[in-house]
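Below is one structure, written out as structure tokens, with a few remarks after it.
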Amino acid sequence: MFNIGDRIVYPMHGAGIIENIEEKEILGEMRRYFIMRMPIGDMKVMVPVDNVEEVGVREIIAREEMEEVVDVLKGNKTDMPQNWNRRYRLNMDKIKSGDIFEIAAVVRNLMILDLEKGLSTGERKMLNDAKQMLVSEMVLVCDLDLEEVENLIEEAVSTKEEINIED
């Protein structure tokens, strides 16, 4: 169970900090919710307390693991189906997993694909959504601001050089 102040990841939404636990009546049903503040756009998300395991809510990764995320971003594009529909479904499954390493691989692959031949509207939206999820967790783990994290991702994917995420 999570507590106020915990930093968690809500798959398909991103990472945030639990600011409160409230009981609310929605559609005639009283339920408890984590009120989570997202670092991007100062948005708040309500996460049903009794659904956290089912939807895969997890703690953010440790700072030491962030080097591995950056290594994934610096990696080469992995083989993906040529058919955009299959590629889209495969990438969506990775994003839905909530696994930051899988999301980083999707971001890397789509950014490289965009440079090589451009993305469809659907894949561009997917890239933006996946990048937002990745950025939200990296901001909380690395204690960097939004712009610094976006630059770090851009640099990792485009240059493949050693990047220092320490303060």
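By convention in this document, the chains of the structure tokens carry letters A, B, ... by their order, each chain's residues are numbered from 1, and ligands are numbered from 1 in the order they are shown.
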**Request:** Compile the contact shell of Glu137 (chain A) as a VMD selection string: residues with an atom at most 12 Å away, counting only C-alpha atoms, same-chain residues fewer than 4 positions apart removed.
**Result:** chain A and resid 7 to 11 13 to 17 38 to 40 58 to 63 65 to 66 69 98 to 101 103 to 104 130 to 133 141 to 146 149 to 150
Keeping only N, CA and C atoms, take the residues you just selected and write them out as a compact mmCIF listing (two decimals), in the first residue's frame.
# COMPACT_ATOMS: atom_id res chain seq x y z
N ARG A 7 6.25 8.38 -4.33
CA ARG A 7 6.39 8.67 -5.76
C ARG A 7 6.07 7.37 -6.51
N ILE A 8 5.00 7.42 -7.29
CA ILE A 8 4.52 6.21 -7.96
C ILE A 8 4.33 6.43 -9.45
N VAL A 9 4.22 5.32 -10.18
CA VAL A 9 3.95 5.35 -11.61
C VAL A 9 2.58 4.72 -11.83
N TYR A 10 1.74 5.43 -12.54
CA TYR A 10 0.41 4.96 -12.92
C TYR A 10 0.50 4.66 -14.42
N PRO A 11 0.57 3.37 -14.80
CA PRO A 11 0.75 3.03 -16.21
C PRO A 11 -0.25 3.78 -17.12
N HIS A 13 -0.29 6.81 -17.69
CA HIS A 13 -0.42 8.20 -17.27
C HIS A 13 0.93 8.82 -16.93
N GLY A 14 1.79 8.03 -16.27
CA GLY A 14 3.10 8.54 -15.90
C GLY A 14 3.31 8.50 -14.41
N ALA A 15 4.36 9.21 -13.97
CA ALA A 15 4.75 9.22 -12.57
C ALA A 15 4.26 10.47 -11.89
N GLY A 16 4.07 10.35 -10.58
CA GLY A 16 3.65 11.50 -9.80
C GLY A 16 3.84 11.22 -8.32
N ILE A 17 3.43 12.19 -7.53
CA ILE A 17 3.58 12.11 -6.08
C ILE A 17 2.18 12.08 -5.46
N MET A 38 1.06 15.16 -10.92
CA MET A 38 2.03 14.82 -11.97
C MET A 38 3.01 16.00 -12.13
N PRO A 39 4.29 15.73 -12.38
CA PRO A 39 5.27 16.82 -12.52
C PRO A 39 5.12 17.58 -13.84
N ILE A 40 4.39 17.02 -14.78
CA ILE A 40 4.21 17.67 -16.08
C ILE A 40 2.84 18.34 -16.11
N ARG A 58 3.19 1.18 -9.53
CA ARG A 58 4.44 0.78 -8.89
C ARG A 58 5.19 2.01 -8.41
N GLU A 59 6.18 1.78 -7.55
CA GLU A 59 7.06 2.88 -7.12
C GLU A 59 7.94 3.28 -8.29
N ILE A 60 8.41 4.53 -8.28
CA ILE A 60 9.36 4.93 -9.32
C ILE A 60 10.65 4.14 -9.12
N ILE A 61 11.45 4.06 -10.17
CA ILE A 61 12.71 3.30 -10.09
C ILE A 61 13.72 4.05 -9.23
N ALA A 62 14.73 3.33 -8.79
CA ALA A 62 15.81 3.94 -8.02
C ALA A 62 16.72 4.73 -8.96
N ARG A 63 17.38 5.72 -8.41
CA ARG A 63 18.27 6.57 -9.21
C ARG A 63 19.34 5.76 -9.95
N GLU A 65 19.10 2.89 -11.23
CA GLU A 65 18.53 2.24 -12.41
C GLU A 65 18.37 3.19 -13.59
N MET A 66 18.45 4.49 -13.33
CA MET A 66 18.26 5.47 -14.40
C MET A 66 19.38 5.38 -15.44
N VAL A 69 18.22 3.07 -18.00
CA VAL A 69 17.23 3.70 -18.87
C VAL A 69 17.94 4.51 -19.95
N GLY A 98 3.82 -0.41 -18.38
CA GLY A 98 4.28 0.52 -17.34
C GLY A 98 5.76 0.38 -17.02
N ASP A 99 6.45 -0.55 -17.69
CA ASP A 99 7.87 -0.80 -17.47
C ASP A 99 8.68 0.32 -18.14
N ILE A 100 9.44 1.06 -17.34
CA ILE A 100 10.17 2.23 -17.87
C ILE A 100 11.19 1.83 -18.94
N PHE A 101 11.75 0.64 -18.83
CA PHE A 101 12.74 0.20 -19.82
C PHE A 101 12.05 -0.07 -21.17
N ILE A 103 9.21 1.36 -22.12
CA ILE A 103 8.78 2.68 -22.61
C ILE A 103 9.96 3.42 -23.22
N ALA A 104 11.13 3.33 -22.59
CA ALA A 104 12.33 3.97 -23.14
C ALA A 104 12.67 3.39 -24.51
N ALA A 130 4.34 8.39 -24.89
CA ALA A 130 5.38 7.57 -24.25
C ALA A 130 6.48 8.46 -23.68
N LYS A 131 6.84 9.50 -24.43
CA LYS A 131 7.88 10.41 -23.96
C LYS A 131 7.42 11.13 -22.69
N GLN A 132 6.15 11.51 -22.64
CA GLN A 132 5.63 12.19 -21.45
C GLN A 132 5.69 11.27 -20.23
N MET A 133 5.36 9.99 -20.42
CA MET A 133 5.44 9.03 -19.32
C MET A 133 6.88 8.87 -18.85
N VAL A 141 12.87 10.96 -10.52
CA VAL A 141 14.03 10.15 -10.12
C VAL A 141 15.31 10.99 -10.10
N CYS A 142 15.52 11.77 -11.15
CA CYS A 142 16.78 12.51 -11.30
C CYS A 142 16.76 13.88 -10.65
N ASP A 143 15.59 14.33 -10.21
CA ASP A 143 15.43 15.65 -9.62
C ASP A 143 15.93 16.74 -10.59
N LEU A 144 15.52 16.59 -11.85
CA LEU A 144 15.83 17.58 -12.88
C LEU A 144 14.52 18.22 -13.32
N ASP A 145 14.62 19.35 -14.04
CA ASP A 145 13.38 19.94 -14.52
C ASP A 145 13.03 19.34 -15.89
N LEU A 146 11.83 19.66 -16.33
CA LEU A 146 11.27 19.11 -17.55
C LEU A 146 12.19 19.29 -18.76
N VAL A 149 15.38 17.10 -18.68
CA VAL A 149 15.11 15.69 -18.99
C VAL A 149 14.83 15.51 -20.48
N GLU A 150 14.06 16.42 -21.08
CA GLU A 150 13.79 16.32 -22.52
C GLU A 150 15.08 16.43 -23.32
**Message:** What's around Glu102 (chain A) at 12 Å? Count only C-alpha atoms, leave out sequence neighbours fewer than 5 positions away in its own chain, and write the answer as a VMD selection string.
**Reply:** chain A and resid 11 68 to 69 72 to 73 78 90 to 97 107 to 109 130 to 131 133 to 134
**Request:** Within chain A, find each residue whose DSSP state, derived from the backbone, is strand (DSSP E), and express the selection as JSON, numbers by chain.
**Result:** {"A": [7, 8, 9, 10, 14, 15, 16, 17, 18, 19, 20, 21, 22, 23, 24, 25, 26, 29, 30, 31, 32, 33, 34, 35, 36, 37, 44, 45, 46, 47, 48, 58, 59]}
**Asked** In Å, how far is it from CA of Tyr88 (chain A) to CA of Val157 (chain A)?
**Response**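 These two atoms are separated by 19.9 Å.
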**Using only C-alpha atoms: which of A:Val106, A:Met36, A:Val45, A:Val70 has the shortest distance to Met126 (chain A)** = A:Val106
**Residue neighbourhood Lys24 (chain A), 12 Å, only C-alpha atoms, exclusion window fewer than 5 positions, as a list of chain:residue names** =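 Non-adjacent residues within range: A:Glu29, A:Met30, A:Arg31, A:Arg32, A:Tyr33, A:Phe34, A:Ile35, A:Met46, A:Val47, A:Pro48, A:Val49.
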